[in-house]
$ cat input.cif   # mmCIF, C-alpha atoms
data_structure
loop_
_atom_site.label_atom_id
_atom_site.label_comp_id
_atom_site.auth_asym_id
_atom_site.auth_seq_id
_atom_site.Cartn_x
_atom_site.Cartn_y
_atom_site.Cartn_z
CA MET A 249 0.00 0.00 0.00
CA SER A 250 1.56 3.27 -1.02
CA ASP A 251 0.50 6.78 -0.07
CA THR A 252 -0.39 9.46 -2.55
CA ILE A 253 -1.07 13.18 -2.53
CA GLU A 254 -3.46 14.92 -4.88
CA VAL A 255 -1.96 17.75 -6.91
CA ASP A 256 -3.80 19.48 -9.76
CA GLY A 257 -6.28 16.60 -9.86
CA LYS A 258 -3.55 13.95 -10.15
CA GLN A 259 -2.55 11.32 -7.57
CA LEU A 260 1.20 11.38 -6.99
CA ALA A 261 2.97 8.62 -5.06
CA VAL A 262 4.91 9.56 -1.91
CA ASP A 263 7.04 7.43 0.40
CA GLU A 264 6.29 6.67 4.04
CA GLU A 265 7.89 9.96 5.11
CA GLY A 266 5.94 12.02 2.60
CA TYR A 267 8.72 12.56 0.04
CA LEU A 268 7.71 12.38 -3.61
CA ALA A 269 8.39 8.87 -4.91
CA ASN A 270 9.24 10.07 -8.41
CA LEU A 271 11.32 13.22 -8.88
CA ASN A 272 9.82 13.84 -12.30
CA ASP A 273 6.31 14.12 -10.84
CA TRP A 274 7.16 17.50 -9.32
CA VAL A 275 5.15 20.59 -10.23
CA PRO A 276 4.96 23.78 -8.13
CA GLY A 277 1.57 22.59 -6.88
CA VAL A 278 3.35 19.79 -4.99
CA ALA A 279 4.97 22.36 -2.70
CA ASN A 280 1.65 24.15 -2.16
CA VAL A 281 -0.19 20.94 -1.25
CA MET A 282 2.58 19.77 1.09
CA ALA A 283 2.79 23.19 2.73
CA GLU A 284 -0.93 23.17 3.32
CA GLN A 285 -0.63 19.78 5.03
CA ASP A 286 2.05 21.32 7.28
CA ASN A 287 -0.11 24.43 7.93
CA LEU A 288 2.40 26.65 6.23
CA GLU A 289 1.76 29.40 3.73
CA LEU A 290 4.45 29.69 1.10
CA THR A 291 5.93 33.16 0.54
CA ASP A 292 8.47 34.33 -2.02
CA GLU A 293 11.17 33.67 0.58
CA HIS A 294 10.07 30.03 0.78
CA TRP A 295 10.11 29.76 -3.00
CA ASP A 296 13.65 31.17 -3.13
CA ILE A 297 14.81 28.22 -1.04
CA ILE A 298 12.69 25.63 -2.86
CA ASN A 299 13.94 26.83 -6.24
CA PHE A 300 17.48 26.96 -4.91
CA LEU A 301 17.23 23.33 -3.80
CA ARG A 302 15.90 22.24 -7.16
CA GLU A 303 18.76 24.00 -8.93
CA TYR A 304 21.28 22.47 -6.53
CA TYR A 305 19.88 19.01 -7.20
CA GLU A 306 19.88 19.61 -10.94
CA GLU A 307 23.56 20.52 -10.80
CA TYR A 308 24.94 18.03 -8.27
CA GLN A 309 22.36 15.22 -8.23
CA ILE A 310 22.01 15.27 -4.45
CA ALA A 311 19.99 17.21 -1.91
CA PRO A 312 22.46 19.19 0.23
CA ALA A 313 22.91 18.50 3.93
CA VAL A 314 21.61 21.37 6.09
CA ARG A 315 25.05 22.84 6.83
CA VAL A 316 25.90 22.83 3.14
CA LEU A 317 22.53 24.36 2.32
CA THR A 318 23.12 27.12 4.86
CA LYS A 319 26.50 28.01 3.40
CA ALA A 320 25.30 27.83 -0.19
CA VAL A 321 22.21 29.93 0.49
CA GLY A 322 24.38 32.58 2.12
CA LYS A 323 26.51 32.72 -0.96
CA LYS A 324 23.63 32.76 -3.44
CA LEU A 325 20.88 34.73 -1.67
CA GLY A 326 22.87 36.93 0.68
CA LYS A 327 24.76 36.50 3.95
CA GLU A 328 21.74 37.49 6.09
CA LYS A 329 19.90 34.43 4.77
CA GLY A 330 22.80 32.03 5.17
CA ASN A 331 22.06 30.93 8.72
CA SER A 332 19.99 28.19 10.18
CA LYS A 333 17.85 30.59 12.23
CA TYR A 334 16.52 32.22 9.07
CA LEU A 335 16.00 28.88 7.34
CA TYR A 336 14.22 27.40 10.38
CA SER A 337 11.96 30.45 10.53
CA LEU A 338 10.81 29.56 7.02
CA PHE A 339 10.77 25.79 7.44
CA PRO A 340 10.05 24.94 11.07
CA TYR A 341 10.38 21.16 10.47
CA GLY A 342 13.97 21.62 9.34
CA PRO A 343 15.14 23.46 6.25
CA ALA A 344 16.81 20.49 4.60
CA LYS A 345 14.13 17.94 5.36
CA GLN A 346 10.98 20.02 4.93
CA ALA A 347 12.15 22.21 2.08
CA CYS A 348 13.56 19.22 0.20
CA ARG A 349 10.20 17.50 0.56
CA PHE A 350 8.40 20.56 -0.83
CA ALA A 351 10.93 20.70 -3.66
CA GLY A 352 10.25 17.08 -4.59
CA LEU A 353 13.79 15.93 -3.76
CA PRO A 354 14.80 12.86 -1.80
CA LYS A 355 15.68 13.26 1.86
CA PRO A 356 19.15 14.83 2.09
CA THR A 357 22.05 12.43 2.40
CA GLY A 358 23.18 12.41 5.99
CA CYS A 359 19.82 13.27 7.53
CA VAL A 360 18.22 10.83 9.92
CA MET B 240 31.11 16.46 18.70
CA SER B 241 34.59 15.12 19.29
CA GLU B 242 37.25 17.78 19.74
CA VAL B 243 40.05 15.58 18.49
CA VAL B 244 40.43 16.03 14.77
CA LYS B 245 41.50 12.85 13.06
CA LYS B 246 42.84 12.30 9.60
CA PHE B 247 40.27 10.33 7.63
CA MET B 248 41.25 8.86 4.30
CA TYR B 249 38.64 7.48 1.93
CA LEU B 250 40.44 5.13 -0.48
CA ASN B 251 38.62 4.37 -3.74
CA ARG B 252 39.74 1.49 -5.96
CA LYS B 253 36.64 0.61 -7.99
CA ALA B 254 35.21 1.88 -11.25
CA PRO B 255 31.73 3.43 -11.10
CA TYR B 256 28.48 1.70 -12.25
CA GLY B 257 29.87 -1.85 -12.62
CA THR B 258 29.61 -2.30 -8.85
CA ILE B 259 27.99 -0.28 -6.06
CA TYR B 260 31.27 0.55 -4.24
CA ALA B 261 31.89 3.96 -5.83
CA TRP B 262 28.43 5.33 -5.00
CA GLU B 263 28.50 3.84 -1.49
CA ALA B 264 31.87 5.45 -0.84
CA LEU B 265 30.62 8.83 -2.03
CA GLU B 266 27.60 8.61 0.26
CA VAL B 267 29.80 7.75 3.23
CA VAL B 268 32.04 10.74 2.51
CA LEU B 269 29.02 13.05 2.36
CA ILE B 270 27.59 11.69 5.59
CA GLY B 271 31.01 11.65 7.27
CA ALA B 272 31.41 15.39 6.59
CA ALA B 273 29.21 15.99 9.63
CA PHE B 274 32.02 14.70 11.87
CA ASP B 275 34.32 17.68 11.14
CA GLN B 276 37.44 15.63 10.58
CA ASP B 277 40.44 16.24 8.34
CA VAL B 278 39.26 14.40 5.25
CA SER B 279 41.10 13.34 2.13
CA VAL B 280 39.61 11.31 -0.70
CA VAL B 281 42.05 9.23 -2.70
CA PHE B 282 41.53 7.50 -6.04
CA ILE B 283 43.84 4.68 -7.10
CA ASP B 284 43.58 1.69 -9.49
CA ASP B 285 40.17 1.59 -11.23
CA GLY B 286 38.95 4.20 -8.73
CA VAL B 287 40.38 6.89 -11.02
CA TYR B 288 37.55 6.12 -13.45
CA GLN B 289 35.10 7.61 -10.95
CA LEU B 290 36.35 11.10 -11.78
CA THR B 291 36.19 11.03 -15.59
CA LYS B 292 34.48 14.01 -17.20
CA GLY B 293 31.42 13.79 -19.41
CA GLN B 294 29.73 10.74 -17.88
CA ASP B 295 26.25 10.28 -19.34
CA THR B 296 24.26 7.35 -17.97
CA LYS B 297 20.96 7.93 -19.78
CA GLY B 298 21.65 4.94 -22.03
CA ILE B 299 22.17 2.47 -19.16
CA GLY B 300 19.31 3.58 -16.93
CA MET B 301 21.44 4.27 -13.86
CA LYS B 302 21.79 7.40 -11.76
CA ASN B 303 24.70 9.56 -12.94
CA PHE B 304 26.49 10.45 -9.70
CA SER B 305 29.47 12.02 -11.43
CA PRO B 306 28.19 15.60 -10.82
CA THR B 307 28.06 14.86 -7.09
CA TYR B 308 31.87 14.74 -6.84
CA ARG B 309 31.88 18.46 -7.68
CA THR B 310 30.07 19.18 -4.43
CA LEU B 311 32.73 17.54 -2.23
CA GLY B 312 34.33 20.93 -1.64
CA ASP B 313 31.07 22.06 -0.01
CA TYR B 314 31.26 19.00 2.25
CA GLU B 315 34.52 19.97 3.97
CA VAL B 316 36.68 17.78 1.76
CA LYS B 317 39.76 19.86 1.14
CA LYS B 318 41.97 17.35 -0.61
CA ILE B 319 41.29 14.92 -3.43
CA TYR B 320 44.26 12.88 -4.62
CA VAL B 321 44.62 10.78 -7.76
CA ASP B 322 47.43 8.27 -8.28
CA ARG B 323 49.41 9.22 -11.39
CA ALA B 324 50.53 5.67 -12.22
CA SER B 325 46.92 4.45 -12.14
CA LEU B 326 45.93 7.21 -14.56
CA GLU B 327 48.82 6.48 -16.90
CA ALA B 328 48.16 2.74 -17.00
CA ARG B 329 44.67 3.62 -18.21
CA GLY B 330 45.70 6.13 -20.86
CA LEU B 331 44.29 9.02 -18.84
CA SER B 332 45.61 12.39 -17.66
CA GLN B 333 44.36 15.13 -15.36
CA ASP B 334 42.59 16.70 -18.38
CA ASP B 335 40.20 13.74 -18.40
CA LEU B 336 39.10 14.38 -14.81
CA VAL B 337 36.40 16.60 -13.33
CA GLU B 338 37.43 19.69 -11.40
CA VAL B 339 36.28 20.25 -7.84
CA ALA B 340 36.28 23.76 -6.41
CA TRP B 341 36.67 24.56 -2.74
CA GLU B 342 35.84 27.70 -0.82
CA ASP B 343 36.07 28.75 2.81
CA PHE B 344 32.94 30.82 3.37
CA GLU B 345 34.40 32.67 6.33
CA THR B 346 37.80 33.65 4.97
CA GLU B 347 36.59 33.59 1.34
CA GLU B 348 39.73 31.65 0.47
CA GLU B 349 39.11 29.86 -2.80
CA ILE B 350 40.78 26.98 -4.61
CA ASP B 351 39.65 26.39 -8.20
CA ASN B 352 40.47 22.72 -8.23
CA ILE B 353 41.35 20.51 -5.28
CA VAL B 354 41.94 17.43 -7.44
CA GLU B 355 45.67 16.74 -7.30
CA VAL B 356 47.54 14.07 -9.26
CA ILE B 357 50.34 12.61 -7.12
CA ASP B 358 52.99 9.88 -7.26
CA SER B 359 52.38 6.47 -5.73
CA ALA B 360 55.04 7.08 -3.09
CA ARG B 361 53.07 10.12 -1.92
CA VAL B 362 49.91 8.01 -1.73
CA SER B 363 51.80 5.58 0.53
CA GLU B 364 52.95 8.46 2.73
CA LEU B 365 49.41 9.79 3.04
CA MET B 366 48.17 6.34 4.00
CA ASN B 367 50.81 6.16 6.71
CA GLU B 368 49.89 9.61 8.01
CA SER B 369 46.16 8.82 8.20
CA ASP B 370 44.50 7.92 11.49
CA VAL B 371 41.74 5.97 9.74
CA ILE B 372 41.47 4.56 6.23
CA PHE B 373 38.05 3.73 4.82
CA SER B 374 38.56 1.40 1.89
CA PHE B 375 36.13 0.92 -0.97
CA MET C 240 30.79 -23.01 -34.72
CA SER C 241 30.82 -19.30 -34.01
CA ILE C 242 31.13 -18.06 -30.48
CA LEU C 243 30.34 -14.62 -29.11
CA HIS C 244 32.62 -13.94 -26.17
CA THR C 245 31.54 -11.24 -23.72
CA VAL C 246 33.70 -9.51 -21.10
CA ASN C 247 32.09 -7.20 -18.54
CA LYS C 248 34.94 -6.80 -16.03
CA SER C 249 37.74 -4.25 -15.98
CA PRO C 250 40.96 -5.69 -17.44
CA PHE C 251 42.86 -3.96 -14.63
CA GLU C 252 40.93 -5.68 -11.87
CA ARG C 253 40.22 -9.19 -13.16
CA ASN C 254 41.80 -11.62 -15.59
CA ALA C 255 38.58 -12.23 -17.55
CA LEU C 256 39.92 -10.43 -20.63
CA ASP C 257 43.27 -12.31 -20.44
CA SER C 258 41.53 -15.66 -20.33
CA CYS C 259 39.11 -14.70 -23.05
CA LEU C 260 41.90 -13.63 -25.40
CA LYS C 261 43.81 -16.82 -24.61
CA PHE C 262 40.94 -19.14 -25.47
CA ALA C 263 39.02 -17.27 -28.18
CA THR C 264 39.88 -18.69 -31.59
CA ASP C 265 40.42 -16.64 -34.75
CA GLY C 266 37.29 -15.25 -36.35
CA SER C 267 35.12 -15.33 -33.24
CA ALA C 268 33.42 -12.22 -31.86
CA LEU C 269 34.24 -10.35 -28.64
CA LEU C 270 31.88 -7.83 -27.07
CA LEU C 271 33.13 -5.57 -24.29
CA PHE C 272 30.45 -4.12 -22.01
CA GLU C 273 29.95 -2.66 -18.51
CA ASP C 274 33.41 -2.31 -16.89
CA GLY C 275 34.81 -4.38 -19.75
CA ILE C 276 34.68 -1.27 -21.97
CA TYR C 277 37.85 0.08 -20.33
CA ALA C 278 39.82 -2.49 -22.37
CA ALA C 279 38.66 -0.78 -25.57
CA LEU C 280 40.33 2.54 -24.78
CA LYS C 281 43.46 3.84 -26.44
CA GLY C 282 46.67 4.38 -24.52
CA THR C 283 46.09 1.82 -21.77
CA SER C 284 48.49 -0.86 -20.58
CA VAL C 285 46.31 -3.47 -22.35
CA GLU C 286 46.26 -1.65 -25.68
CA SER C 287 48.83 -3.99 -27.20
CA PRO C 288 46.93 -7.27 -26.56
CA MET C 289 43.75 -5.50 -27.65
CA SER C 290 45.30 -4.38 -30.93
CA ASP C 291 46.43 -7.96 -31.52
CA ALA C 292 42.91 -9.16 -30.76
CA VAL C 293 41.41 -6.75 -33.29
CA GLY C 294 43.56 -8.41 -35.95
CA ARG C 295 42.07 -11.86 -35.42
CA LEU C 296 38.69 -11.36 -33.69
CA LYS C 297 35.69 -9.19 -34.46
CA VAL C 298 35.74 -6.82 -31.49
CA TYR C 299 32.77 -4.74 -30.38
CA VAL C 300 32.11 -2.36 -27.50
CA LEU C 301 28.71 -1.41 -26.08
CA GLY C 302 28.12 2.30 -26.75
CA PRO C 303 25.82 3.13 -23.80
CA ASP C 304 28.40 1.74 -21.34
CA LEU C 305 31.16 3.74 -23.01
CA LYS C 306 29.10 6.93 -22.78
CA ALA C 307 28.04 6.29 -19.17
CA ARG C 308 31.71 6.14 -18.18
CA GLY C 309 32.54 9.41 -19.92
CA PHE C 310 34.26 8.22 -23.11
CA ALA C 311 33.52 9.29 -26.67
CA GLU C 312 33.98 6.93 -29.61
CA ASP C 313 37.20 8.65 -30.67
CA ARG C 314 38.89 7.23 -27.55
CA ILE C 315 38.65 3.59 -28.60
CA VAL C 316 41.29 1.44 -30.27
CA GLU C 317 41.17 1.39 -34.07
CA GLY C 318 39.19 -1.53 -35.46
CA ILE C 319 36.78 -1.89 -32.56
CA SER C 320 33.14 -1.28 -33.53
CA VAL C 321 30.60 0.44 -31.29
CA VAL C 322 27.21 -1.29 -31.01
CA ASP C 323 24.01 -0.43 -29.14
CA TYR C 324 21.78 -2.84 -27.21
CA ALA C 325 20.02 -3.96 -30.41
CA GLY C 326 23.43 -4.67 -31.92
CA PHE C 327 24.31 -6.76 -28.84
CA VAL C 328 21.15 -8.81 -29.38
CA ASP C 329 21.94 -9.25 -33.09
CA LEU C 330 25.45 -10.47 -32.26
CA ALA C 331 24.09 -12.99 -29.79
CA ALA C 332 21.44 -14.16 -32.28
CA GLU C 333 23.98 -14.54 -35.09
CA SER C 334 26.31 -16.62 -32.92
CA ASP C 335 25.88 -20.30 -32.21
CA LYS C 336 26.60 -19.69 -28.56
CA VAL C 337 27.64 -17.04 -26.10
CA GLN C 338 30.54 -17.45 -23.70
CA ALA C 339 30.36 -14.89 -20.89
CA TRP C 340 33.73 -14.33 -19.16
CA LEU C 341 32.42 -13.24 -15.77
#
$ encode --input "input.cif" --output "C-alpha cells"
Amino acid sequence: MSDTIEVDGKQLAVDEEGYLANLNDWVPGVANVMAEQDNLELTDEHWDIINFLREYYEEYQIAPAVRVLTKAVGKKLGKEKGNSKYLYSLFPYGPAKQACRFAGLPKPTGCV
Amino acid sequence: MSEVVKKFMYLNRKAPYGTIYAWEALEVVLIGAAFDQDVSVVFIDDGVYQLTKGQDTKGIGMKNFSPTYRTLGDYEVKKIYVDRASLEARGLSQDDLVEVAWEDFETEEEIDNIVEVIDSARVSELMNESDVIFSF
Amino acid sequence: MSILHTVNKSPFERNALDSCLKFATDGSALLLFEDGIYAALKGTSVESPMSDAVGRLKVYVLGPDLKARGFAEDRIVEGISVVDYAGFVDLAAESDKVQAWL
C-alpha cells in the first residue's frame, strides 16, 4: 500500500515519510499541497529556497545537507539568509528535510 | 562532537556503475562530513575512473552520480588525490578528470580545483599519516 | 561453430579479458560491455593485446556503457566497432553460442 497526494487533480505517489516517490512528478503545486498539510503558507522567501534546492539538485544530483545548504544559500541569496535561524523560521520542520520534501527531492544524504 | 580532529582517508579502488562501491563510498564521505574531521579522498587503481568528465548514464538507466563529486568541496573535503601511475596505465591524464572547487565561506579563500595528481610514493605516505582509512 | 565472447569486467581488476583472449579462436566475436569497456580505450596498458585481438577477432564495444563512463567513440582502439543494445542482441542471435567471461 503506497500513499499518494493529490496535486492538480492527479494522484502522486509519496514514500512513508511524505517525500515524492518520483522526482519527475514534481510541479509547483506539490509544494503548495505539502505546505498546506504542514499548515504553512508559502511566501516568495520560501520559494527562493525551494527553487534553490531544485537547482542544486539539478547541478549536483544530491539534496544538500543542512550545513551545506546554509553556506550555499548565504553565498547565493545573501549572507543574512545564510544561517539556520533564518531557514528554520521559514521551514520549522527543518530546512533540509521540509524544504527538500516541498521541492520534490529525496531526503538529504546524511539526515536521519 | 569530538574535539580531536583525526585524519580520515577514503580510499577508492573501484570503477563506477559496474559495482555499487563507488556510490556507497561517495555517500559515506558526504555523511562523514558531519564529523568535522580532516578528510582526504584518494583515487587509485580503477577508482580513477570515478572522476572522468562527461559521464552520461541515460543509455544504461542508472543514476549519474558524477556531478556529485563536484560538491565535495562544499562538504569539507579539502583534498582529493589521484594516483598518477593508475591514470597512466589507463591512458588518462588530469585533463580527463572533473574539477572540484573549494571555498572557505568565512575567509573567502578559494581553490579552483582541489583534485591533485600525485605519485604512488606520496599516496603511501598519506596512507601512513592517516588515522583511519576507509577502503572501498 | 561461431562463439560470441563477452567480457564485462575491468581488465585492470580481473583476468577475464586475459583468459578470453587466450581461449578465443580466430574469427570469433568479442563484445566488451559494462566495466569491460575500459579495455577498448586507447593508450592503456592493455592496448597492445587489444590491438592484436582486433587483428584476429571481431571486437565490439557497447556504446551506452562507453558513454556512461565518460568516453567518446574517438577514444577507442582502431578496429573496434561500437554497437548499441540492439546490436548486442543481433550479435548474440547470429552466434551459435555465447561465452560470458564473468
$ residues_near_point --input "input.cif" --point "(23.7, 3.7, -22.2)" --cutoff "7 Å" --atoms "all atoms listed in the file" --output "JSON, numbers by chain"
{"B": [296, 297, 298, 299, 300], "C": [302, 303, 304, 306, 307]}
$ interface_residues --input "input.cif" --of "chain C" --to "chain B" --cutoff "12 Å" --atoms "only C-alpha atoms" --output "VMD selection string"
chain C and resid 247 to 253 272 to 286 301 to 311 314 to 316 323 to 324
$ resolve_selection --input "input.cif" --expression "the PyMOL selection byres ((chain B) within 7 of (chain A))" --output "number ranges by chain"
B: 269-270, 304, 306-307, 309-310, 313-314
$ atom_distance --input "input.cif" --atom1 "CA of Glu264 in chain A" --atom2 "CA of Thr252 in chain A"
9.8 Å
$ resolve_selection --input "input.cif" --expression "the PyMOL selection byres ((chain C and resi 241) around 12)" --output "list of chain:residue names"
C:Met240, C:Ile242, C:Leu243, C:His244, C:Ala263, C:Thr264, C:Asp265, C:Gly266, C:Ser267, C:Ala268, C:Leu269, C:Leu296, C:Lys297, C:Leu330, C:Ala331, C:Ala332, C:Glu333, C:Ser334, C:Asp335, C:Lys336, C:Val337, C:Gln338
$ resolve_selection --input "input.cif" --expression "the PyMOL selection byres ((chain A and resi 343) around 10)" --output "mmCIF file with C-alpha atoms, keeping the file's coordinate frame"
data_model
loop_
_atom_site.group_PDB
_atom_site.id
_atom_site.type_symbol
_atom_site.label_atom_id
_atom_site.label_comp_id
_atom_site.auth_asym_id
_atom_site.auth_seq_id
_atom_site.Cartn_x
_atom_site.Cartn_y
_atom_site.Cartn_z
ATOM 1 C CA HIS A 294 10.070 30.030 0.780
ATOM 2 C CA ILE A 297 14.810 28.220 -1.040
ATOM 3 C CA ILE A 298 12.690 25.630 -2.860
ATOM 4 C CA ALA A 313 22.910 18.500 3.930
ATOM 5 C CA VAL A 314 21.610 21.370 6.090
ATOM 6 C CA ARG A 315 25.050 22.840 6.830
ATOM 7 C CA LEU A 317 22.530 24.360 2.320
ATOM 8 C CA THR A 318 23.120 27.120 4.860
ATOM 9 C CA SER A 332 19.990 28.190 10.180
ATOM 10 C CA LYS A 333 17.850 30.590 12.230
ATOM 11 C CA TYR A 334 16.520 32.220 9.070
ATOM 12 C CA LEU A 335 16.000 28.880 7.340
ATOM 13 C CA TYR A 336 14.220 27.400 10.380
ATOM 14 C CA SER A 337 11.960 30.450 10.530
ATOM 15 C CA LEU A 338 10.810 29.560 7.020
ATOM 16 C CA PHE A 339 10.770 25.790 7.440
ATOM 17 C CA PRO A 340 10.050 24.940 11.070
ATOM 18 C CA TYR A 341 10.380 21.160 10.470
ATOM 19 C CA GLY A 342 13.970 21.620 9.340
ATOM 20 C CA ALA A 344 16.810 20.490 4.600
ATOM 21 C CA LYS A 345 14.130 17.940 5.360
ATOM 22 C CA GLN A 346 10.980 20.020 4.930
ATOM 23 C CA ALA A 347 12.150 22.210 2.080
ATOM 24 C CA CYS A 348 13.560 19.220 0.200
ATOM 25 C CA ARG A 349 10.200 17.500 0.560
#
$ atom_distance --input "input.cif" --atom1 "CA of Ile319 in chain B" --atom2 "CA of Gly326 in chain A"
29.0 Å
$ atom_distance --input "input.cif" --atom1 "CA of Asp370 in chain B" --atom2 "CA of Glu315 in chain B"
17.4 Å
$ residues_around --input "input.cif" --residues "Ile350 in chain B" --least-positions-apart "5" --cutoff "9 Å" --atoms "only C-alpha atoms" --output "NGL selection string"
:B and (339-343)
$ closest_residue --input "input.cif" --among "A:Gly257, A:Gly330, A:Gly352, A:Gly277" --to "Leu301 in chain A" --atoms "all atoms listed in the file"
A:Gly352
$ residues_around --input "input.cif" --residues "Val268 in chain B" --least-positions-apart "4" --cutoff "9 Å" --atoms "only C-alpha atoms" --output "PyMOL selection string"
chain B and resi 249+263-264+272+278+280+311+314+316
$ closest_residue --input "input.cif" --among "A:Val278, A:Ala351, A:Ile253, A:Ala269" --to "Asn299 in chain A" --atoms "all atoms listed in the file"
A:Ala351
